[in-house]
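Novice: mmCIF, C-alpha atoms, file protein.cif:
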```
data_final
#
loop_
_atom_site.label_atom_id
_atom_site.label_comp_id
_atom_site.auth_asym_id
_atom_site.auth_seq_id
_atom_site.Cartn_x
_atom_site.Cartn_y
_atom_site.Cartn_z
CA MET A 1218 0.00 0.00 0.00
CA ASN A 1219 2.88 2.28 0.92
CA GLU A 1220 4.45 1.78 -2.49
CA VAL A 1221 1.29 2.93 -4.27
CA TRP A 1222 1.49 6.29 -2.47
CA ILE A 1223 5.21 6.57 -3.09
CA ILE A 1224 4.74 5.98 -6.83
CA ILE A 1225 1.77 8.37 -7.09
CA GLY A 1226 3.69 11.01 -5.13
CA MET A 1227 6.85 10.58 -7.22
CA ALA A 1228 4.82 10.75 -10.46
CA LEU A 1229 3.03 13.91 -9.32
CA VAL A 1230 6.12 15.82 -8.19
CA THR A 1231 8.02 14.80 -11.33
CA MET A 1232 5.20 16.09 -13.54
CA THR A 1233 5.02 19.23 -11.38
CA VAL A 1234 8.63 19.90 -12.27
CA ARG A 1235 8.30 19.08 -15.99
CA TYR A 1236 4.93 20.43 -17.08
CA PRO A 1237 4.27 23.93 -15.66
CA ALA A 1238 7.72 25.20 -16.62
CA LEU A 1239 7.14 24.03 -20.19
CA VAL A 1240 3.78 25.80 -20.44
CA LEU A 1241 4.51 28.92 -18.38
CA ALA A 1242 8.12 29.58 -19.35
CA GLY A 1243 7.06 31.81 -22.24
CA ARG A 1244 4.92 33.90 -19.90
CA LEU A 1245 7.01 34.34 -16.77
CA THR A 1246 10.73 34.74 -16.32
CA LEU A 1247 12.51 32.77 -13.62
CA PRO A 1248 15.22 34.60 -11.70
CA PRO A 1249 18.62 33.77 -13.27
CA GLY A 1250 20.05 33.07 -9.80
CA LEU A 1251 17.53 30.25 -9.33
CA LEU A 1252 18.34 28.75 -12.72
CA ARG A 1253 22.07 28.88 -11.90
CA ALA A 1254 21.50 27.20 -8.54
CA LEU A 1255 19.55 24.37 -10.23
CA ASN A 1256 22.71 23.38 -12.13
CA TYR A 1257 24.23 22.19 -8.85
CA VAL A 1258 21.32 19.99 -7.79
CA PRO A 1259 22.10 16.77 -9.72
CA PRO A 1260 25.82 16.48 -8.81
CA VAL A 1261 25.12 17.44 -5.20
CA VAL A 1262 22.34 14.88 -4.71
CA LEU A 1263 24.36 12.13 -6.41
CA THR A 1264 27.33 12.93 -4.14
CA ALA A 1265 25.10 12.82 -1.06
CA ILE A 1266 24.12 9.25 -1.98
CA ILE A 1267 27.50 7.99 -3.20
CA VAL A 1268 29.83 9.19 -0.45
CA PRO A 1269 28.11 7.56 2.56
CA ALA A 1270 27.59 4.36 0.55
CA VAL A 1271 31.31 3.96 -0.08
CA VAL A 1272 32.71 5.45 3.14
CA PHE A 1273 30.52 3.67 5.71
CA GLN A 1274 30.78 0.00 6.47
CA HIS A 1275 28.52 -1.42 9.20
CA ASP A 1276 27.58 2.17 10.24
CA GLN A 1277 31.24 3.07 10.81
CA VAL A 1278 33.46 5.33 8.71
CA GLN A 1279 35.94 2.90 7.18
CA ILE A 1280 38.71 4.60 5.18
CA SER A 1281 40.80 1.50 4.61
CA PRO A 1282 41.72 -1.02 1.91
CA THR A 1283 39.47 -3.57 3.65
CA ASN A 1284 36.47 -1.54 2.46
CA SER A 1285 35.75 -3.00 -1.01
CA ALA A 1286 33.10 -0.37 -1.76
CA LEU A 1287 35.63 2.41 -1.20
CA VAL A 1288 38.29 0.73 -3.34
CA ALA A 1289 35.82 0.01 -6.17
CA GLY A 1290 34.36 3.50 -5.85
CA LEU A 1291 37.80 5.02 -6.45
CA VAL A 1292 38.30 2.72 -9.44
CA ALA A 1293 34.93 3.85 -10.84
CA VAL A 1294 35.85 7.53 -10.35
CA LEU A 1295 39.10 6.99 -12.29
CA VAL A 1296 37.38 5.08 -15.10
CA ALA A 1297 34.56 7.63 -15.36
CA GLY A 1298 37.03 10.52 -15.34
CA ARG A 1299 39.19 9.07 -18.08
CA SER A 1300 36.55 7.46 -20.33
CA ARG A 1301 33.32 9.43 -19.64
CA ASN A 1302 31.68 6.12 -20.57
CA LEU A 1303 28.82 5.08 -18.29
CA LEU A 1304 28.71 1.45 -19.35
CA LEU A 1305 32.48 0.99 -18.98
CA THR A 1306 32.34 2.64 -15.54
CA ILE A 1307 29.60 0.25 -14.39
CA VAL A 1308 31.39 -2.84 -15.72
CA LEU A 1309 34.89 -2.02 -14.40
CA GLY A 1310 33.57 -0.62 -11.11
CA MET A 1311 31.56 -3.79 -10.44
CA ALA A 1312 34.47 -6.00 -11.52
CA ALA A 1313 36.76 -4.16 -9.08
CA PHE A 1314 34.18 -4.49 -6.30
CA LEU A 1315 33.61 -8.23 -6.77
CA ALA A 1316 37.32 -9.01 -7.30
CA TRP A 1317 38.42 -7.02 -4.25
CA ARG A 1318 35.73 -8.56 -2.06
CA TRP A 1319 36.75 -12.03 -3.21
CA LEU A 1320 40.41 -11.23 -2.53
CA LEU A 1321 39.65 -9.98 0.99
CA ALA A 1322 37.55 -13.06 1.74
CA THR A 1323 40.30 -15.33 0.41
CA LEU A 1324 42.90 -13.58 2.57
CA GLY A 1325 40.63 -14.04 5.60
CA PHE A 1326 39.45 -10.46 6.19
CA SER A 1327 35.87 -10.16 7.36
CA THR A 1328 33.95 -7.74 5.14
CA MET B 834 0.76 28.91 -34.58
CA THR B 835 -2.64 28.53 -36.19
CA LEU B 836 -3.52 25.69 -38.47
CA SER B 837 -3.53 27.92 -41.54
CA THR B 838 -0.03 29.30 -40.92
CA GLU B 839 1.13 25.75 -40.29
CA ARG B 840 -0.30 24.78 -43.66
CA ARG B 841 1.33 27.74 -45.36
CA LEU B 842 4.68 26.85 -43.83
CA GLY B 843 4.17 23.27 -44.92
CA ALA B 844 3.46 24.37 -48.48
CA ALA B 845 6.57 26.54 -48.50
CA LEU B 846 8.56 23.51 -47.46
CA SER B 847 7.17 21.02 -49.91
CA ALA B 848 10.51 21.26 -51.70
CA ALA B 849 12.23 19.64 -48.70
CA PRO B 850 11.23 15.97 -48.83
CA THR B 851 12.76 15.05 -45.44
CA ALA B 852 10.47 17.44 -43.59
CA THR B 853 7.54 15.05 -43.18
CA ARG B 854 5.96 14.02 -39.89
CA ARG B 855 7.06 10.45 -40.30
CA GLY B 856 10.57 11.43 -41.46
CA GLU B 857 11.07 13.69 -38.44
CA PHE B 858 9.70 11.07 -36.03
CA TRP B 859 12.14 8.39 -37.16
CA ALA B 860 15.03 10.83 -37.41
CA GLY B 861 14.39 11.76 -33.76
CA ALA B 862 14.26 8.11 -32.70
CA ARG B 863 17.48 7.34 -34.62
CA ALA B 864 19.35 10.32 -33.16
CA THR B 865 18.44 9.09 -29.66
CA LEU B 866 19.78 5.58 -30.28
CA PRO B 867 23.29 6.07 -28.79
CA LEU B 868 21.72 7.45 -25.60
CA ILE B 869 19.26 4.56 -25.51
CA VAL B 870 22.20 2.15 -25.51
CA GLY B 871 23.50 3.98 -22.43
CA ALA B 872 20.11 3.73 -20.72
CA ILE B 873 19.73 -0.05 -21.28
CA PRO B 874 21.99 -1.27 -18.43
CA PHE B 875 20.59 1.47 -16.20
CA ALA B 876 16.99 0.27 -16.72
CA ILE B 877 17.92 -3.42 -16.40
CA ILE B 878 19.75 -2.80 -13.12
CA PHE B 879 16.76 -0.80 -11.87
CA GLY B 880 14.37 -3.63 -12.74
CA ALA B 881 16.59 -6.21 -11.07
CA LEU B 882 17.23 -4.21 -7.89
CA ALA B 883 13.80 -2.78 -7.17
CA ALA B 884 12.69 -6.11 -5.70
CA THR B 885 15.55 -6.13 -3.20
CA ALA B 886 14.35 -2.72 -2.00
CA GLY B 887 10.93 -4.21 -1.31
CA LEU B 888 9.11 -2.96 -4.41
CA SER B 889 6.58 -5.40 -5.90
CA PRO B 890 6.92 -6.40 -9.60
CA LEU B 891 3.85 -4.32 -10.41
CA GLY B 892 5.23 -1.38 -8.44
CA THR B 893 8.54 -1.66 -10.28
CA MET B 894 6.81 -1.51 -13.67
CA ALA B 895 4.48 1.27 -12.50
CA MET B 896 7.42 3.37 -11.36
CA SER B 897 9.09 3.12 -14.78
CA ALA B 898 5.80 3.67 -16.61
CA PHE B 899 4.40 6.57 -14.56
CA VAL B 900 7.37 8.31 -12.95
CA PHE B 901 9.83 7.77 -15.83
CA ALA B 902 12.83 9.50 -14.26
CA GLY B 903 15.92 7.30 -14.11
CA SER B 904 18.01 8.95 -11.41
CA ALA B 905 14.98 9.70 -9.25
CA GLN B 906 13.77 6.09 -9.54
CA PHE B 907 17.20 4.77 -8.50
CA ILE B 908 17.45 7.16 -5.59
CA GLY B 909 13.85 6.45 -4.60
CA VAL B 910 14.46 2.70 -4.52
CA ASN B 911 17.72 3.21 -2.65
CA LEU B 912 15.91 5.27 0.00
CA LEU B 913 13.08 2.74 0.16
CA ALA B 914 15.60 -0.01 0.91
CA ALA B 915 16.98 2.14 3.75
CA GLY B 916 13.49 2.35 5.26
CA THR B 917 12.97 6.01 4.42
CA SER B 918 9.50 7.52 4.86
CA ALA B 919 7.32 8.15 1.80
CA ALA B 920 7.37 11.92 2.41
CA ILE B 921 11.17 12.12 2.27
CA ILE B 922 11.32 9.89 -0.83
CA ILE B 923 8.84 12.15 -2.63
CA LEU B 924 10.61 15.32 -1.48
CA THR B 925 13.95 13.91 -2.67
CA THR B 926 12.40 13.00 -6.03
CA PHE B 927 11.27 16.60 -6.36
CA VAL B 928 14.75 17.92 -5.57
CA VAL B 929 16.51 15.48 -7.92
CA ASN B 930 14.15 16.33 -10.78
CA LEU B 931 14.38 20.10 -10.35
CA ARG B 932 16.90 20.15 -13.19
CA HIS B 933 13.99 19.45 -15.55
CA VAL B 934 12.85 23.03 -14.94
CA LEU B 935 15.99 24.13 -16.77
CA TYR B 936 15.21 21.87 -19.71
CA ALA B 937 11.56 22.90 -19.85
CA VAL B 938 12.44 26.60 -19.74
CA THR B 939 14.93 26.12 -22.57
CA LEU B 940 12.48 24.15 -24.74
CA ALA B 941 9.40 26.30 -24.08
CA PRO B 942 10.01 28.92 -26.81
CA TYR B 943 10.07 26.17 -29.46
CA LEU B 944 6.88 24.52 -28.18
CA LYS B 945 4.62 27.44 -27.38
CA HIS B 946 2.60 27.07 -30.60
CA LEU B 947 1.62 23.47 -29.74
CA PRO B 948 -1.75 22.48 -28.24
CA GLN B 949 -2.09 20.81 -24.82
CA ARG B 950 -2.44 17.34 -26.33
CA TRP B 951 1.17 17.76 -27.45
CA LEU B 952 2.56 19.65 -24.46
CA PHE B 953 1.36 17.21 -21.82
CA PRO B 954 3.00 14.05 -23.24
CA LEU B 955 6.15 15.92 -24.29
CA ALA B 956 6.45 17.25 -20.73
CA PHE B 957 5.90 13.79 -19.24
CA TRP B 958 8.55 12.30 -21.55
CA LEU B 959 11.15 14.98 -20.81
CA THR B 960 14.48 13.36 -19.90
CA ASP B 961 18.14 14.39 -19.92
CA GLU B 962 18.64 12.32 -23.07
CA THR B 963 15.68 13.59 -25.09
CA PHE B 964 16.45 17.17 -24.08
CA ALA B 965 20.04 16.84 -25.27
CA VAL B 966 18.95 15.40 -28.62
CA VAL B 967 15.97 17.61 -29.47
CA ILE B 968 17.40 20.98 -28.43
CA THR B 969 20.00 20.66 -31.20
CA ARG B 970 17.20 19.85 -33.67
CA TYR B 971 15.09 22.85 -32.59
CA ARG B 972 18.11 25.14 -32.88
CA ARG B 973 19.00 24.03 -36.41
CA PRO B 974 17.98 26.92 -38.66
CA ASP B 975 15.94 24.96 -41.24
CA PRO B 976 12.24 25.91 -41.14
CA SER B 977 10.76 22.39 -40.84
CA PRO B 978 7.26 22.72 -39.33
CA TYR B 979 7.46 19.18 -37.91
CA LYS B 980 10.37 19.52 -35.46
CA HIS B 981 8.00 18.50 -32.66
CA TRP B 982 7.59 15.15 -34.45
CA TYR B 983 11.35 14.70 -34.13
CA HIS B 984 10.92 15.45 -30.41
CA LEU B 985 8.08 12.91 -30.20
CA GLY B 986 10.21 10.25 -31.95
CA SER B 987 13.04 10.75 -29.47
CA ALA B 988 10.66 10.68 -26.48
CA VAL B 989 8.75 7.57 -27.57
CA ALA B 990 12.01 5.72 -28.29
CA MET B 991 13.42 6.55 -24.84
CA TYR B 992 10.19 5.68 -23.07
CA SER B 993 9.51 2.33 -24.73
CA ASN B 994 13.12 1.28 -24.21
CA TRP B 995 13.01 2.29 -20.54
CA VAL B 996 9.83 0.36 -19.81
CA ALA B 997 10.91 -2.71 -21.82
CA CYS B 998 14.36 -2.88 -20.17
CA THR B 999 12.83 -2.47 -16.70
CA LEU B 1000 10.76 -5.58 -17.48
CA ILE B 1001 13.87 -7.46 -18.68
CA GLY B 1002 15.69 -6.49 -15.48
CA LEU B 1003 12.71 -7.57 -13.40
CA LEU B 1004 12.64 -11.01 -15.06
CA VAL B 1005 16.43 -11.46 -14.87
CA GLY B 1006 16.49 -10.28 -11.24
CA ARG B 1007 13.99 -12.96 -10.23
CA GLN B 1008 16.32 -15.67 -11.57
CA ILE B 1009 19.01 -14.53 -9.15
CA ALA B 1010 18.23 -15.77 -5.66
CA ASP B 1011 19.70 -12.88 -3.69
CA PRO B 1012 21.02 -9.99 -5.81
CA ARG B 1013 22.44 -8.33 -2.70
CA SER B 1014 24.76 -11.19 -1.89
CA TRP B 1015 26.14 -10.80 -5.40
CA GLY B 1016 26.87 -7.18 -4.60
CA LEU B 1017 24.40 -6.05 -7.23
CA ASP B 1018 23.17 -3.26 -4.99
CA PHE B 1019 26.62 -1.75 -5.43
CA ALA B 1020 25.89 -1.51 -9.18
CA MET B 1021 23.59 1.39 -8.34
CA ILE B 1022 26.41 3.29 -6.61
CA VAL B 1023 28.81 2.65 -9.50
CA THR B 1024 26.11 3.90 -11.88
CA PHE B 1025 25.78 7.09 -9.84
CA ILE B 1026 29.55 7.58 -9.97
CA GLY B 1027 29.43 7.23 -13.75
CA LEU B 1028 26.71 9.89 -13.87
CA LEU B 1029 28.37 12.24 -11.37
CA VAL B 1030 31.95 12.45 -12.64
CA PRO B 1031 31.17 14.06 -16.03
CA PHE B 1032 29.34 16.86 -14.16
CA ILE B 1033 32.53 17.91 -12.37
CA ARG B 1034 33.88 20.25 -15.01
CA THR B 1035 34.21 23.49 -13.09
CA ARG B 1036 35.68 24.60 -9.79
CA PRO B 1037 32.33 25.66 -8.27
CA ILE B 1038 30.88 22.21 -9.00
CA LEU B 1039 33.92 20.64 -7.34
CA VAL B 1040 33.35 22.85 -4.28
CA ALA B 1041 29.63 21.94 -4.22
CA VAL B 1042 30.45 18.23 -4.47
CA GLY B 1043 33.12 18.46 -1.76
CA VAL B 1044 30.80 20.21 0.69
CA ALA B 1045 28.00 17.77 -0.11
CA GLY B 1046 30.27 14.76 0.47
CA LEU B 1047 31.44 16.05 3.84
CA SER B 1048 27.91 17.00 4.91
CA ALA B 1049 26.55 13.61 3.83
CA VAL B 1050 29.06 11.80 6.06
CA LEU B 1051 28.46 14.09 9.06
CA THR B 1052 24.65 13.85 8.82
CA ASN B 1053 24.52 10.15 7.92
CA SER B 1054 23.10 9.09 11.29
CA TRP B 1055 20.22 11.59 11.16
CA PRO B 1056 16.79 9.95 11.12
CA ASN B 1057 14.69 9.60 7.94
CA LYS B 1058 17.53 10.72 5.67
CA LEU B 1059 16.81 14.30 6.74
CA GLY B 1060 20.52 14.90 6.34
CA LEU B 1061 20.07 14.41 2.59
CA ILE B 1062 17.89 17.51 2.31
CA LEU B 1063 20.31 19.62 4.39
CA THR B 1064 23.21 18.27 2.33
CA ALA B 1065 21.48 19.22 -0.92
CA LEU B 1066 20.90 22.77 0.33
CA LEU B 1067 24.46 23.16 1.66
CA GLY B 1068 26.01 21.77 -1.53
CA VAL B 1069 23.99 24.04 -3.82
CA ALA B 1070 24.74 27.07 -1.60
CA ALA B 1071 28.46 26.23 -1.64
CA GLY B 1072 28.45 25.97 -5.45
CA VAL B 1073 26.67 29.29 -5.90
CA TRP B 1074 29.03 30.91 -3.40
CA ALA B 1075 32.10 29.53 -5.19
CA GLU B 1076 30.72 30.79 -8.48
CA THR B 1077 30.23 34.37 -7.27
CA ARG B 1078 33.71 34.65 -5.75
CA ARG B 1079 35.47 33.11 -8.74
CA PRO B 1080 37.95 35.59 -10.25
CA PRO B 1081 37.47 36.50 -13.91
CA VAL B 1082 39.02 33.93 -16.25
CA ALA B 1083 40.99 36.44 -18.32
CA PRO B 1084 41.03 40.18 -17.64
CA ASP B 1085 39.67 42.18 -20.54
CA PRO B 1086 42.48 44.49 -21.65
CA ALA B 1087 39.98 46.93 -23.14
CA ALA B 1088 38.13 47.34 -19.84
CA PRO B 1089 39.01 50.46 -17.87
CA GLU B 1090 40.84 49.91 -14.60
CA THR B 1091 38.24 50.12 -11.84
CA ALA B 1092 40.30 49.12 -8.83
CA PRO B 1093 43.88 49.95 -7.88
#
```
How does this structure look as structure tokens?
Specialist:
Amino acid sequence: MNEVWIIIGMALVTMTVRYPALVLAGRLTLPPGLLRALNYVPPVVLTAIIVPAVVFQHDQVQISPTNSALVAGLVAVLVAGRSRNLLLTIVLGMAAFLAWRWLLATLGFST
Amino acid sequence: MTLSTERRLGAALSAAPTATRRGEFWAGARATLPLIVGAIPFAIIFGALAATAGLSPLGTMAMSAFVFAGSAQFIGVNLLAAGTSAAIIILTTFVVNLRHVLYAVTLAPYLKHLPQRWLFPLAFWLTDETFAVVITRYRRPDPSPYKHWYHLGSAVAMYSNWVACTLIGLLVGRQIADPRSWGLDFAMIVTFIGLLVPFIRTRPILVAVGVAGLSAVLTNSWPNKLGLILTALLGVAAGVWAETRRPPVAPDPAAPETAP
């Protein structure tokens, strides 16, 4: 039941963002400062999701090579930075994550 | 634009055989193809992972069919898995999708002659990919009266691919007993990294991202992911601040000296 409301709510707010601006944009001008600020929203929100996911392990900050998510995250940043290729980033990032996790398990580290 | 002016324009263009409704539609779909290829793994991973976040198969399909916003769907499912309240998920969706305002404002001048039966679906189908493809078509100087058919072709291609690949992901995901034990939930984070890194082209964006990262770690234990909203505000504020205090790239030699 909860998911029905989540989906309806997500659909409504998404349309609220897409539709009125398309229809009204010719009639009202948005302040340029607001438009500039909107540029920062996607990278900021993505960062807010990525950083805790790679830095925390079992609710503890874990900046160490025993954190496979952190290691693979850094690999993905390097691949994305050099190639700008989403598919390649996903494939190599996941490969690094699985390989590193396997290596840690083999060497007897608990992950 | 009235029907009669549309007809007059059409008559003036009869010399250009490519400017037909059908021709524009397929040209739009074809131009979107490379971006569709990029969206395929994204949609498949979404379909496969939504179940691990507790979304039913029907809910997974409904989200792709009715919300149709890739990043927001991923983030929504990620928050759902973390036990986040519906209100915060919907608020976050709103924040993540705010960038569509920019796209809509940019497209509006090219669409203002269209009736509602066009505007509503084109608004619903607005995505990063379709925006990127159609804005270059609208800006091309040729006077084709059917550029909105090109837009429609791009939008329909993106949408049908997104829904179909969500279904494929859903079916594949059910074959895998526990996607989490395979580390498939990490695929979402890697996908986000692949989306984020190309954004970081300027110093202010780097500042915004740095502040957001720090804030996200410091507020991680806050209940209901409330820290996410604060982090978004702080990051955007930091970016705007960095932009205003950025020194000019190259001083204009012709400009008169205003400060000693």
Novice: Looking at only C-alpha atoms, which of B:Lys980, B:Ala920, B:Leu891, B:Ile877 is the one that sits closest to Arg854 in chain B?
Specialist: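 Residue with the minimum atom-to-atom distance to Arg854 in chain B: B:Lys980.
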Novice: Excluding Met894 in chain B and residues on its chain fewer than 6 positions from it, collect all residues at most 9 Å away from it, counting all atoms listed in the file, and give them as a PDB file with C-alpha atoms, keeping the file's coordinate frame.
Specialist:
```pdb
ATOM      1  CA  GLY B 880      14.370  -3.630 -12.740  1.00  0.00           C
ATOM      2  CA  VAL B 996       9.830   0.360 -19.810  1.00  0.00           C
ATOM      3  CA  THR B 999      12.830  -2.470 -16.700  1.00  0.00           C
ATOM      4  CA  LEU B1000      10.760  -5.580 -17.480  1.00  0.00           C
ATOM      5  CA  LEU B1003      12.710  -7.570 -13.400  1.00  0.00           C
TER       6      LEU B1003
END
```
Novice: Restricting the calculation to only C-alpha atoms, which member of B:Met991, B:Leu1039, B:Met896, B:Leu1004 is positioned closest to chain A?
Specialist: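 For chain A, the nearest of the given residues is B:Met896.
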Novice: Using all atoms listed in the file, find which residues of chain A lie within 8 Å of chain B and jot them down as a PyMOL selection string.
Specialist: chain A and resi 1219-1224+1226-1232+1234-1236+1238-1243+1252-1270+1272+1286+1290+1293-1294+1297-1298+1301-1304+1306-1307+1310-1311+1314-1315
Novice: Calculate how many Å separate CA of Ala860 in chain B from CA of Asn994 in chain B, rounding to one decimal.
Specialist: 16.4 Å
Novice: What is the distance between CA of Leu1287 in chain A and CA of Gly1002 in chain B, in Å to one decimal?
Specialist: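 The value is 26.1 Å.
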Novice: Rounded to one decimal place, report the CA of Ser987 in chain B-CA of Gly861 in chain B distance in Å.
Specialist: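 Between these atoms lies a distance of 4.6 Å.
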Novice: Do you know which residues are at most 12 Å from range 1320-1326 of chain A counting only C-alpha atoms, after dropping those on the same chain fewer than 2 positions away, and could you put them as a ChimeraX atom specification?
Specialist: /A:1282-1286,1288,1312-1318,1328
Novice: Do a neighbour search on Asp1011 in chain B at 12 Å with only C-alpha atoms, toss out local chain neighbours closer than 3 positions, and write the hits as an MDAnalysis selection string.
Specialist: chainID B and resid 881:882 884:886 1005:1008 1014:1018
Novice: For range 1279-1283 of chain A, I'd like the enclosing box, axis-aligned and padded by 6 Å on every side, reported as JSON with centre and edge lengths in Å to one decimal.
Specialist:
```
{"center_x": 38.8, "center_y": 0.5, "center_z": 4.5, "size_x": 17.8, "size_y": 20.2, "size_z": 17.3}
```
Novice: Measuring between only C-alpha atoms, which one of B:Arg1036, B:Trp1055, B:Gly856, B:Ala862 shows the shortest distance to Gly986 in chain B?
Specialist: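 Ranking B:Arg1036, B:Trp1055, B:Gly856, B:Ala862 by distance to Gly986 in chain B, first place goes to B:Ala862.
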Novice: Can you sort out range 1284-1300 of chain A so it carries N, CA and C atoms, written as a PDB file, in the coordinates of the input?
Specialist:
```
ATOM      1  N   ASN A1284      37.809  -1.968   2.888  1.00  0.00           N
ATOM      2  CA  ASN A1284      36.470  -1.540   2.460  1.00  0.00           C
ATOM      3  C   ASN A1284      36.379  -1.664   0.933  1.00  0.00           C
ATOM      4  N   SER A1285      35.793  -2.768   0.445  1.00  0.00           N
ATOM      5  CA  SER A1285      35.750  -3.000  -1.010  1.00  0.00           C
ATOM      6  C   SER A1285      34.967  -1.923  -1.739  1.00  0.00           C
ATOM      7  N   ALA A1286      33.908  -1.401  -1.102  1.00  0.00           N
ATOM      8  CA  ALA A1286      33.100  -0.370  -1.760  1.00  0.00           C
ATOM      9  C   ALA A1286      33.930   0.884  -2.013  1.00  0.00           C
ATOM     10  N   LEU A1287      34.781   1.226  -1.039  1.00  0.00           N
ATOM     11  CA  LEU A1287      35.630   2.410  -1.200  1.00  0.00           C
ATOM     12  C   LEU A1287      36.642   2.203  -2.321  1.00  0.00           C
ATOM     13  N   VAL A1288      37.284   1.038  -2.311  1.00  0.00           N
ATOM     14  CA  VAL A1288      38.290   0.730  -3.340  1.00  0.00           C
ATOM     15  C   VAL A1288      37.642   0.758  -4.731  1.00  0.00           C
ATOM     16  N   ALA A1289      36.496   0.065  -4.866  1.00  0.00           N
ATOM     17  CA  ALA A1289      35.820   0.010  -6.170  1.00  0.00           C
ATOM     18  C   ALA A1289      35.273   1.374  -6.561  1.00  0.00           C
ATOM     19  N   GLY A1290      34.844   2.147  -5.585  1.00  0.00           N
ATOM     20  CA  GLY A1290      34.360   3.500  -5.850  1.00  0.00           C
ATOM     21  C   GLY A1290      35.447   4.363  -6.459  1.00  0.00           C
ATOM     22  N   LEU A1291      36.667   4.250  -5.904  1.00  0.00           N
ATOM     23  CA  LEU A1291      37.800   5.020  -6.450  1.00  0.00           C
ATOM     24  C   LEU A1291      38.123   4.561  -7.866  1.00  0.00           C
ATOM     25  N   VAL A1292      38.075   3.245  -8.089  1.00  0.00           N
ATOM     26  CA  VAL A1292      38.300   2.720  -9.440  1.00  0.00           C
ATOM     27  C   VAL A1292      37.271   3.326 -10.404  1.00  0.00           C
ATOM     28  N   ALA A1293      36.003   3.326  -9.979  1.00  0.00           N
ATOM     29  CA  ALA A1293      34.930   3.850 -10.840  1.00  0.00           C
ATOM     30  C   ALA A1293      35.133   5.333 -11.140  1.00  0.00           C
ATOM     31  N   VAL A1294      35.601   6.098 -10.132  1.00  0.00           N
ATOM     32  CA  VAL A1294      35.850   7.530 -10.350  1.00  0.00           C
ATOM     33  C   VAL A1294      36.944   7.703 -11.413  1.00  0.00           C
ATOM     34  N   LEU A1295      38.004   6.899 -11.310  1.00  0.00           N
ATOM     35  CA  LEU A1295      39.100   6.990 -12.290  1.00  0.00           C
ATOM     36  C   LEU A1295      38.617   6.625 -13.682  1.00  0.00           C
ATOM     37  N   VAL A1296      37.866   5.529 -13.782  1.00  0.00           N
ATOM     38  CA  VAL A1296      37.380   5.080 -15.100  1.00  0.00           C
ATOM     39  C   VAL A1296      36.439   6.137 -15.689  1.00  0.00           C
ATOM     40  N   ALA A1297      35.523   6.639 -14.863  1.00  0.00           N
ATOM     41  CA  ALA A1297      34.560   7.630 -15.360  1.00  0.00           C
ATOM     42  C   ALA A1297      35.286   8.906 -15.797  1.00  0.00           C
ATOM     43  N   GLY A1298      36.295   9.299 -15.022  1.00  0.00           N
ATOM     44  CA  GLY A1298      37.030  10.520 -15.340  1.00  0.00           C
ATOM     45  C   GLY A1298      37.811  10.411 -16.636  1.00  0.00           C
ATOM     46  N   ARG A1299      38.384   9.237 -16.873  1.00  0.00           N
ATOM     47  CA  ARG A1299      39.190   9.070 -18.080  1.00  0.00           C
ATOM     48  C   ARG A1299      38.333   8.780 -19.305  1.00  0.00           C
ATOM     49  N   SER A1300      37.292   7.936 -19.145  1.00  0.00           N
ATOM     50  CA  SER A1300      36.550   7.460 -20.330  1.00  0.00           C
ATOM     51  C   SER A1300      35.260   8.225 -20.583  1.00  0.00           C
TER      52      SER A1300
END
```
